[in-house]
>>> print(open('final_24.cif').read())   # mmCIF, C-alpha atoms
data_run
loop_
_atom_site.label_atom_id
_atom_site.label_comp_id
_atom_site.auth_asym_id
_atom_site.auth_seq_id
_atom_site.Cartn_x
_atom_site.Cartn_y
_atom_site.Cartn_z
CA MET A 1 0.00 0.00 0.00
CA ASP A 2 1.35 3.41 -0.92
CA VAL A 3 0.86 5.39 2.31
CA LEU A 4 2.66 8.40 0.80
CA ASN A 5 -0.08 8.88 -1.78
CA ALA A 6 -2.45 11.71 -0.86
CA SER A 7 -5.21 10.73 -3.30
CA PRO A 8 -7.93 10.78 -2.13
CA ALA A 9 -6.49 11.12 1.41
CA TYR A 10 -3.38 10.14 3.34
CA CYS A 11 -3.25 6.92 5.33
CA LEU A 12 -1.74 8.11 8.61
CA PRO A 13 -0.87 6.19 11.80
CA GLN A 14 -2.98 8.43 14.03
CA ALA A 15 -6.14 7.68 12.05
CA MET A 16 -5.18 4.00 11.96
CA TRP A 17 -4.94 3.89 15.77
CA LEU A 18 -8.33 5.57 16.17
CA THR A 19 -9.92 3.18 13.69
CA TYR A 20 -8.23 0.21 15.34
CA GLN A 21 -9.65 1.23 18.72
CA VAL A 22 -13.16 1.30 17.29
CA ILE A 23 -12.73 -2.24 15.93
CA THR A 24 -11.34 -3.66 19.19
CA GLU A 25 -13.94 -1.95 21.36
CA ARG A 26 -16.86 -2.82 19.08
CA PRO A 27 -16.03 -6.00 17.11
CA ASP A 28 -18.18 -7.31 14.29
CA LEU A 29 -18.90 -3.98 12.66
CA SER A 30 -19.19 -3.44 8.93
CA GLN A 31 -17.05 -0.92 7.06
CA ALA A 32 -19.95 1.56 6.97
CA GLN A 33 -20.51 1.24 10.71
CA ILE A 34 -16.81 1.75 11.46
CA LEU A 35 -16.80 4.82 9.26
CA ASP A 36 -19.78 6.21 11.21
CA PHE A 37 -17.79 5.98 14.44
CA VAL A 38 -14.51 7.37 13.08
CA ALA A 39 -16.05 10.11 10.92
CA PRO A 40 -19.68 10.64 11.96
CA GLN A 41 -22.09 11.85 9.30
CA ALA A 42 -22.58 15.19 11.09
CA MET A 43 -18.91 16.11 10.65
CA ARG A 44 -17.91 14.02 7.64
CA SER A 45 -18.22 16.86 5.15
CA GLN A 46 -15.51 18.68 7.12
CA THR A 47 -13.02 15.80 6.87
CA PRO A 48 -10.53 15.08 4.06
CA GLY A 49 -12.34 13.60 1.07
CA ASN A 50 -15.62 13.24 2.97
CA GLY A 51 -14.21 10.55 5.25
CA ALA A 52 -11.57 9.28 2.84
CA HIS A 53 -8.92 9.47 5.60
CA ALA A 54 -10.91 6.93 7.66
CA LEU A 55 -11.30 4.62 4.67
CA ALA A 56 -7.55 4.90 3.99
CA ALA A 57 -6.81 4.05 7.63
CA LEU A 58 -9.10 1.01 7.44
CA ALA A 59 -7.47 -0.11 4.21
CA GLY A 60 -4.05 0.22 5.87
CA LEU A 61 -5.11 -1.84 8.86
CA ARG A 62 -6.28 -4.60 6.50
CA GLU A 63 -3.21 -4.42 4.25
CA PHE A 64 -0.76 -4.56 7.16
CA GLY A 65 -2.51 -7.43 8.92
CA MET A 66 -3.61 -5.42 11.95
CA VAL A 67 -7.28 -6.39 11.58
CA ARG A 68 -9.24 -9.30 10.13
CA VAL A 69 -12.30 -9.27 7.88
CA GLY A 70 -14.66 -12.24 7.99
CA GLY A 71 -16.59 -13.71 5.11
CA ASP A 72 -19.55 -11.68 6.32
CA GLY A 73 -17.59 -8.43 5.86
CA LEU A 74 -17.35 -7.74 9.59
CA TYR A 75 -14.10 -6.60 11.23
CA GLN A 76 -12.22 -8.00 14.22
CA ALA A 77 -8.79 -7.44 15.78
CA ASP A 78 -6.74 -8.67 18.72
CA LYS A 79 -6.80 -6.04 21.43
CA LEU A 80 -3.41 -4.52 22.21
CA ALA A 81 -2.58 -2.85 25.51
CA ASN A 82 -1.99 0.69 24.29
CA SER A 83 -0.88 2.87 21.38
CA ALA A 84 2.80 2.05 22.04
CA GLU A 85 2.14 -1.65 21.52
CA PHE A 86 0.10 -0.87 18.42
CA LEU A 87 2.90 1.23 16.90
CA ARG A 88 5.47 -1.40 17.87
CA LYS A 89 3.63 -4.10 15.93
CA LEU A 90 2.85 -1.77 13.02
CA ARG A 91 6.46 -0.58 12.80
CA TYR A 92 7.84 -4.09 12.44
CA ARG A 93 5.31 -5.02 9.77
CA LEU A 94 6.26 -1.92 7.76
CA LEU A 95 10.03 -2.07 8.27
CA ALA A 96 10.57 -5.79 7.71
CA PRO A 97 11.01 -7.07 4.12
CA PRO A 98 7.56 -8.06 2.80
CA ASP A 99 8.62 -11.68 2.30
CA THR A 100 8.97 -11.92 6.09
CA PHE A 101 5.20 -12.42 6.13
CA ASP A 102 2.82 -14.27 3.81
CA ALA A 103 3.11 -14.28 0.03
CA ASP A 104 0.34 -11.73 -0.44
CA PHE A 105 1.80 -9.19 1.97
CA GLU A 106 2.97 -6.04 0.20
CA GLY A 107 3.56 -3.69 3.11
CA ALA A 108 4.34 -0.05 2.37
CA PRO A 109 7.30 -0.27 -0.06
CA SER A 110 7.66 3.47 -0.73
CA LEU A 111 7.70 4.26 3.00
CA ARG A 112 10.22 1.49 3.68
CA LEU A 113 12.56 2.73 0.95
CA GLY A 114 12.24 6.25 2.31
CA LEU A 115 13.25 5.07 5.79
CA ILE A 116 16.25 3.20 4.37
CA TRP A 117 17.28 6.49 2.75
CA LEU A 118 16.61 8.45 5.97
CA MET A 119 18.84 6.20 8.07
CA ARG A 120 21.77 7.00 5.78
CA GLN A 121 21.49 10.77 6.15
CA ALA A 122 23.51 12.91 8.56
CA PRO A 123 21.45 13.32 11.76
CA PHE A 124 22.22 17.01 12.25
CA VAL A 125 21.07 18.23 8.83
CA PRO A 126 17.40 19.32 8.77
CA LEU A 127 15.63 17.60 5.89
CA ASP A 128 12.74 18.98 3.88
CA TRP A 129 11.50 18.79 0.31
CA ASP A 130 13.92 21.50 -0.82
CA TYR A 131 16.82 19.44 0.53
CA VAL A 132 15.61 16.30 -1.24
CA GLN A 133 15.36 18.22 -4.52
CA THR A 134 18.76 19.87 -4.38
CA ALA A 135 21.43 18.78 -1.90
CA ASN A 136 20.46 15.11 -1.89
CA ARG A 137 18.73 14.17 -5.12
CA THR A 138 16.75 10.97 -4.86
CA GLN A 139 13.99 9.37 -6.89
CA LEU A 140 12.31 7.99 -3.78
CA PHE A 141 10.21 11.14 -3.37
CA THR A 142 8.75 12.40 -6.63
CA ASN A 143 7.05 15.45 -5.15
CA GLY A 144 6.68 17.47 -1.98
CA VAL A 145 3.25 16.02 -1.23
CA ARG A 146 4.77 12.58 -0.78
CA PHE A 147 7.48 13.97 1.47
CA ASN A 148 4.75 15.65 3.55
CA ALA A 149 3.34 12.20 4.38
CA PHE A 150 6.78 10.71 4.97
CA ARG A 151 7.55 13.19 7.74
CA PRO A 152 4.73 12.20 10.19
CA TRP A 153 5.22 8.50 9.43
CA SER A 154 8.94 8.61 10.24
CA ILE A 155 8.25 10.46 13.49
CA ALA A 156 5.38 8.17 14.56
CA LEU A 157 7.50 5.06 13.95
CA GLY A 158 10.35 6.49 16.06
CA MET A 159 12.79 6.76 13.15
CA GLY A 160 12.93 10.55 12.88
CA MET A 161 12.37 13.69 14.92
CA PRO A 162 11.22 17.23 14.10
CA ALA A 163 14.21 19.49 13.52
CA LEU A 164 14.93 21.88 16.39
CA THR A 165 14.59 25.59 15.68
CA ALA A 166 18.25 26.06 16.61
CA MET A 167 19.23 23.82 13.69
CA VAL A 168 17.50 26.02 11.13
CA GLU A 169 19.02 29.35 10.15
CA GLY A 170 17.42 32.71 9.44
CA VAL A 171 13.95 33.13 7.99
CA LYS A 172 13.68 29.40 7.34
CA GLN A 173 13.03 29.00 11.07
CA LYS A 174 9.41 29.76 10.23
CA THR A 175 9.16 26.38 8.55
CA THR A 176 11.02 24.35 11.19
CA GLY A 177 7.92 22.18 11.65
CA GLU A 178 8.29 21.01 8.05
CA LYS A 179 11.79 19.64 8.64
CA ILE A 180 12.93 16.37 10.17
CA VAL A 181 16.23 14.83 11.17
CA PRO A 182 17.09 11.13 11.03
CA ASP A 183 17.02 10.06 14.68
CA PRO A 184 15.93 6.48 15.48
CA THR A 185 16.43 6.94 19.24
CA GLN A 186 12.80 6.22 20.13
CA ALA A 187 12.68 3.08 17.99
CA VAL A 188 16.08 1.80 19.19
CA ILE A 189 15.17 2.21 22.86
CA ASP A 190 11.76 0.67 22.31
CA VAL A 191 13.07 -2.50 20.63
CA ILE A 192 15.75 -2.90 23.30
CA LEU A 193 13.09 -2.73 26.02
CA HIS A 194 10.36 -4.56 24.07
CA PRO A 195 11.91 -6.80 21.37
CA LEU A 196 9.62 -8.60 18.95
CA THR A 197 12.03 -11.00 17.24
CA GLY A 198 14.17 -12.23 20.14
CA GLN A 199 15.85 -11.25 23.37
CA ILE A 200 19.12 -9.42 23.92
CA PRO A 201 21.22 -10.21 27.06
CA ARG A 202 20.79 -7.76 29.92
CA GLY A 203 23.13 -7.00 32.78
CA GLU A 204 26.12 -8.53 31.02
CA ARG A 205 28.70 -7.27 28.59
CA ILE A 206 28.11 -8.11 24.94
CA SER A 207 29.93 -7.05 21.80
CA ILE A 208 28.80 -3.96 19.93
CA GLN A 209 28.43 -6.15 16.85
CA GLN A 210 25.91 -8.36 18.68
CA LEU A 211 23.83 -5.33 19.60
CA LEU A 212 23.93 -3.93 16.06
CA GLU A 213 22.84 -7.25 14.57
CA PHE A 214 19.97 -7.36 17.05
CA LEU A 215 18.92 -3.81 16.10
CA ARG A 216 19.10 -4.62 12.39
CA THR A 217 16.83 -7.60 12.93
CA GLU A 218 14.31 -5.55 14.90
CA LEU A 219 14.61 -2.50 12.60
CA PRO A 220 15.48 -3.93 9.17
CA VAL A 221 15.89 -0.52 7.51
CA LEU A 222 19.11 0.21 9.41
CA PRO A 223 22.34 0.24 7.35
CA GLY A 224 23.90 -3.21 7.29
CA HIS A 225 20.71 -5.23 7.01
CA PRO A 226 20.78 -7.22 3.74
CA SER A 227 17.45 -5.74 2.63
CA ALA A 228 18.28 -2.13 3.56
CA THR A 229 19.20 -1.05 0.05
CA TYR A 230 17.68 0.31 -3.15
CA ASP A 231 18.72 1.07 -6.71
CA GLY A 232 21.19 3.94 -6.85
CA ILE A 233 22.05 3.93 -3.17
CA ALA A 234 25.50 5.26 -2.42
CA ASP A 235 27.77 3.50 0.05
CA ASP A 236 28.66 6.36 2.38
CA PRO A 237 30.81 5.03 5.23
CA ASP A 238 30.67 8.40 7.01
CA ASN A 239 26.89 8.41 7.27
CA GLY A 240 26.30 4.68 7.59
CA LEU A 241 26.29 4.64 11.39
CA ARG A 242 25.67 8.28 12.26
CA ALA A 243 21.96 7.98 12.95
CA VAL A 244 22.45 4.69 14.81
CA GLY A 245 25.37 6.21 16.75
CA LEU A 246 23.18 9.12 17.82
CA ALA A 247 20.49 6.70 18.99
CA LEU A 248 22.94 4.61 21.02
CA THR A 249 24.49 7.69 22.61
CA SER A 250 21.01 8.95 23.49
CA ALA A 251 20.11 5.55 24.96
CA GLU A 252 23.26 5.67 27.09
CA ALA A 253 22.38 9.18 28.30
CA ARG A 254 18.93 7.90 29.32
CA GLY A 255 20.38 5.03 31.35
CA ILE A 256 19.34 2.23 29.01
CA LEU A 257 22.84 0.96 28.31
CA THR A 258 26.54 1.73 28.71
CA MET A 259 29.17 1.54 25.96
CA THR A 260 32.80 0.77 26.66
CA TYR A 261 36.12 0.22 24.91
CA GLN A 262 38.23 -2.76 25.94
CA SER A 263 41.94 -2.93 25.31
CA ASP A 264 42.82 -5.35 22.54
CA PRO A 265 39.17 -6.04 21.73
CA SER A 266 38.14 -8.54 19.10
CA GLY A 267 35.94 -5.98 17.36
CA VAL A 268 35.71 -2.20 17.52
CA ILE A 269 33.25 0.16 15.87
CA ALA A 270 33.75 3.90 15.52
CA LEU A 271 30.55 5.74 16.37
CA PRO A 272 30.11 9.50 15.94
CA ASP A 273 30.77 11.10 19.33
CA ALA A 274 27.84 13.24 20.43
CA GLN A 275 30.06 14.89 23.06
CA ASP A 276 32.88 15.77 20.65
CA ALA A 277 31.55 16.89 17.27
CA GLY A 278 33.62 15.79 14.29
CA HIS A 279 35.33 12.97 16.14
CA ASP A 280 34.62 9.28 16.61
CA ARG A 281 34.09 7.32 19.77
CA PHE A 282 35.49 3.81 19.69
CA VAL A 283 33.18 1.18 21.16
CA SER A 284 33.72 -2.54 21.49
CA ALA A 285 31.26 -3.65 24.17
CA VAL A 286 27.84 -2.74 25.47
CA THR A 287 25.96 -3.55 28.66
CA ILE A 288 22.18 -3.23 28.56
CA LYS A 289 20.90 -2.37 31.99
CA GLU A 290 18.10 -4.19 33.76
CA VAL A 291 15.50 -1.56 32.96
CA THR A 292 11.74 -2.09 32.78
CA ARG A 293 9.47 0.55 31.26
#
>>> encode(input="final_24.cif", output="structure tokens")
Amino acid sequence: MDVLNASPAYCLPQAMWLTYQVITERPDLSQAQILDFVAPQAMRSQTPGNGAHALAALAGLREFGMVRVGGDGLYQADKLANSAEFLRKLRYRLLAPPDTFDADFEGAPSLRLGLIWLMRQAPFVPLDWDYVQTANRTQLFTNGVRFNAFRPWSIALGMGMPALTAMVEGVKQKTTGEKIVPDPTQAVIDVILHPLTGQIPRGERISIQQLLEFLRTELPVLPGHPSATYDGIADDPDNGLRAVGLALTSAEARGILTMTYQSDPSGVIALPDAQDAGHDRFVSAVTIKEVTR
């Protein structure tokens, strides 16, 4: 499903969560009944495409396997604890290669390719449509409307953050809200605390390579995952780990883990040092703390 397509309305995660709640709280509703709850008739004329956003959200829930439709056309879904659990499940189904699931699963290929591109960008450069057009030409976004949808999706999935005003110079500060930076901190911390594909040792020292492989399995758009590529991608060793390095440094600052360098280690990775701009921090081992959140 092309979630970046605005015609007739965007499919957005916020509308998907609202629609999902209706289905879990009131199972066995038809599409028309669900639409009446999400976009009541009295206000529907004021919504995008006369309720098209709700229909797009429902289509996304079906496409991504978040709800089930019976032979009678009625909808059901397994109730999840909260929006965080919903986004966690949705994120994995959108970030994993489609062949991870059944043969008919398509996922959101344009969004996934966009996130692969995002994770290879420098995390301290505010990104907007003008940037995509000029400084970093890519065929992944064919117009600004598609980039407009990409921005809230990347933020909701924990792979990007709105650019800070201090990062934007001069009059362009007025449009800071239209800019994002690649920052997967929220997603990295979430999968460490709540992994979907397997556990990672806690309270003991593990190699940085083991942690990175775990993160690539949980977030398969990170550089280094076999599927995290697309036609025309450039191998940029300087940017390959910058976004991931920022996320790990942020996780350390929040008490999720500690990173260390051992003398004569078997494997060392140079991560961009958030405390010393322009320099690398050499890391060979990581200890994930016994944290529950």
>>> residues_around(input="final_24.cif", residues="segment 55-61 of chain A", least_positions_apart="6", cutoff="8 Å", atoms="all atoms listed in the file", output="NGL selection string")
:A and (1 or 3 or 9-13 or 15-16 or 19-20 or 35 or 67)
>>> residues_near_point(input="final_24.cif", point="(26.0, 1.3, 30.6)", cutoff="10 Å", atoms="all atoms listed in the file", output="list of chain:residue names")
A:Gly203, A:Glu204, A:Arg205, A:Ala251, A:Glu252, A:Ala253, A:Arg254, A:Gly255, A:Ile256, A:Leu257, A:Thr258, A:Met259, A:Thr260, A:Ala285, A:Val286, A:Thr287, A:Ile288, A:Lys289
>>> closest_residue(input="final_24.cif", among="A:Ala77, A:Gly65, A:Val283, A:Ala42", to="Val22 of chain A", atoms="all atoms listed in the file")
A:Ala77
>>> atom_distance(input="final_24.cif", atom1="atom CA of Glu218 of chain A", atom2="atom CA of Lys89 of chain A")
10.8 Å
>>> closest_residue(input="final_24.cif", among="A:Asp183, A:Asp231, A:Asp102, A:Glu25", to="Phe124 of chain A", atoms="only C-alpha atoms")
A:Asp183
>>> residues_around(input="final_24.cif", residues="Phe105 of chain A", least_positions_apart="5", cutoff="10 Å", atoms="only C-alpha atoms", output="list in words")
Met1, Glu63, Phe64, Gly65, Arg93, Pro97, Pro98, Asp99 and Thr100 of chain A
>>> atom_distance(input="final_24.cif", atom1="atom CA of Leu140 of chain A", atom2="atom CA of Arg216 of chain A")
21.6 Å
>>> resolve_selection(input="final_24.cif", expression="the PyMOL selection byres ((chain A and resi 184) around 10)", output="ChimeraX atom specification")
/A:118-119,123,154-155,157-161,181-183,185-190,219,222,243-248,250
>>> atom_distance(input="final_24.cif", atom1="atom CA of Thr138 of chain A", atom2="atom CA of Ala163 of chain A")
20.4 Å
>>> closest_residue(input="final_24.cif", among="A:Pro220, A:His225, A:Thr197, A:Asp128", to="Ile180 of chain A", atoms="only C-alpha atoms")
A:Asp128
>>> residues_near_point(input="final_24.cif", point="(11.8, -7.2, 18.2)", cutoff="9 Å", atoms="all atoms listed in the file", output="list in words")
Arg88, Tyr92, Asp190, Val191, Ile192, His194, Pro195, Leu196, Thr197, Gly198, Gln199, Phe214, Leu215, Thr217, Glu218 and Leu219 of chain A
